[in-house]
Amino acid sequence: MSEPRITARFVAIAIVAAASLAAVSLAHAATASPAAASVPALIVKWLPLIFSGFLLNLLVSVLSMAIGTVAGVPLGLGQIAHHRVIQRCASTVTQFTRNAPWLVLLFLTMFLLPFQFRLFGHSIPFPAWIKAVIGLAIPVMGNVSEIVRGGVLSIPRAQWESAESLAISPAQTIFKIILPQALKRMLPPWMNLYAILAMATPLIAIVGVQDGLTDVRGALVAENRTDLLLPLYATLLAMFFVYCYPIAMATRVLERRAEVKF
């Protein structure tokens, strides 16, 4: 399917969703009492709070992706190491972190990590959102490790043999020859992983972090209006869509440029 058709489809879906939301809002507004505030007015009222919670979701996603990438790159290189012990250890850690449920890892980090540290006689709090960052960085690490392994192994064997014939050390071969070529092949799945991570960040609301989803629930409780349920959740959904959709489109562009099918 061509890119214009994909874009047109998503635009059509967005228009239909907006029209449906407007119809529901108007229907509820028609049946509500005259003194009750309209649904659009209440959305505008709570929008700053929901957006601030959404920004926390984005902060958690960026930090988790950064930590997971820094830890996943050496882990992925360890999977292709010649040393048998290093290879097996790296592969075991990768498979465990890739296949463990994200929510379970979040709960483990919440309960295993302390709520505060003692340093030089002072108590330093350890916020829940930081523990959530660590909990999400663990599965990211495993997935990045597999992306690195696949990207490195996708480079033809002739590149390794040519470097060996020129008496280039294995470390120089990896960092100066193989990784620069593999980077453009690793970038699209890496971006796709980040989009998945960003959409998964509402999981942190389950473990007690006040994010966008928590703020939506708080607004619903405060207003005690059943007609706000769909509009407020749709507002948060629209924020995630507007943020993640360009990432998905950029990933497709990079895939075409790399001429690699994932």
# chains A, B, ... in the order shown; residues from 1 in each chain; ligands from 1
$ residues_around --residues "A:Arg257" --least-positions-apart "4" --cutoff "12 Å" --atoms "only C-alpha atoms" --output "ChimeraX atom specification"
/A:184-185,187-188,250-253,261
$ select_by_dssp --residues "stretch 42-123 of chain A" --states "strand (DSSP E)" --output "list in words"
Gln116, Phe117, Arg118, Leu119, His122 and Ser123 of chain A
$ write_last_selection --atoms "C-alpha atoms" --output "compact mmCIF listing (two decimals), in the first residue's frame"
# COMPACT_ATOMS: atom_id res chain seq x y z
CA GLN A 116 14.25 6.16 49.70
CA PHE A 117 18.00 5.94 50.18
CA ARG A 118 20.15 6.88 53.14
CA LEU A 119 23.22 8.86 52.11
CA HIS A 122 20.18 12.09 54.84
CA SER A 123 17.10 10.44 53.38
$ residues_around --residues "stretch 72-87 of chain A" --least-positions-apart "4" --cutoff "7 Å" --atoms "only C-alpha atoms" --output "PDB file with C-alpha atoms, in the first residue's frame"
ATOM      1  CA  GLY A  68      17.528   0.522  27.643  1.00  0.00           C
ATOM      2  CA  SER A  91      21.670 -14.500  25.180  1.00  0.00           C
ATOM      3  CA  MET A 141      17.226  -3.467  26.909  1.00  0.00           C
ATOM      4  CA  GLY A 142      16.377  -6.995  25.756  1.00  0.00           C
ATOM      5  CA  VAL A 144      17.534  -3.426  21.710  1.00  0.00           C
ATOM      6  CA  SER A 145      19.982  -6.280  22.279  1.00  0.00           C
ATOM      7  CA  GLU A 146      18.147  -8.376  19.713  1.00  0.00           C
ATOM      8  CA  VAL A 148      21.778  -4.979  17.573  1.00  0.00           C
ATOM      9  CA  ARG A 149      22.439  -8.694  17.121  1.00  0.00           C
TER      10      ARG A 149
END
$ residues_around --residues "stretch 58-64 of chain A" --least-positions-apart "5" --cutoff "12 Å" --atoms "only C-alpha atoms" --output "count of residues only"
45
$ select_by_dssp --residues "stretch 15-195 of chain A" --states "alpha helix (DSSP H)" --output "ChimeraX atom specification"
/A:15-31,39-79,84-99,102-112,128-153,157-165,170-172,179-195
$ closest_residue --among "A:Trp160, A:Leu254, A:Ala238, A:Tyr245" --to "A:Leu183" --atoms "only C-alpha atoms"
A:Leu254
$ atom_distance --atom1 "atom CA of A:Val39" --atom2 "atom CA of A:Leu232"
9.2 Å
$ atom_distance --atom1 "atom CA of A:Phe107" --atom2 "atom CA of A:Val207"
6.6 Å
$ closest_residue --among "A:Cys89, A:Val242, A:Gly121, A:Val216" --to "A:Leu230" --atoms "only C-alpha atoms"
A:Val216
$ atom_distance --atom1 "atom CA of A:Phe175" --atom2 "atom CA of A:Thr97"
25.2 Å
$ residues_around --residues "A:Lys176" --least-positions-apart "6" --cutoff "12 Å" --atoms "only C-alpha atoms" --output "ChimeraX atom specification"
/A:159-160,163,168-170,182-183
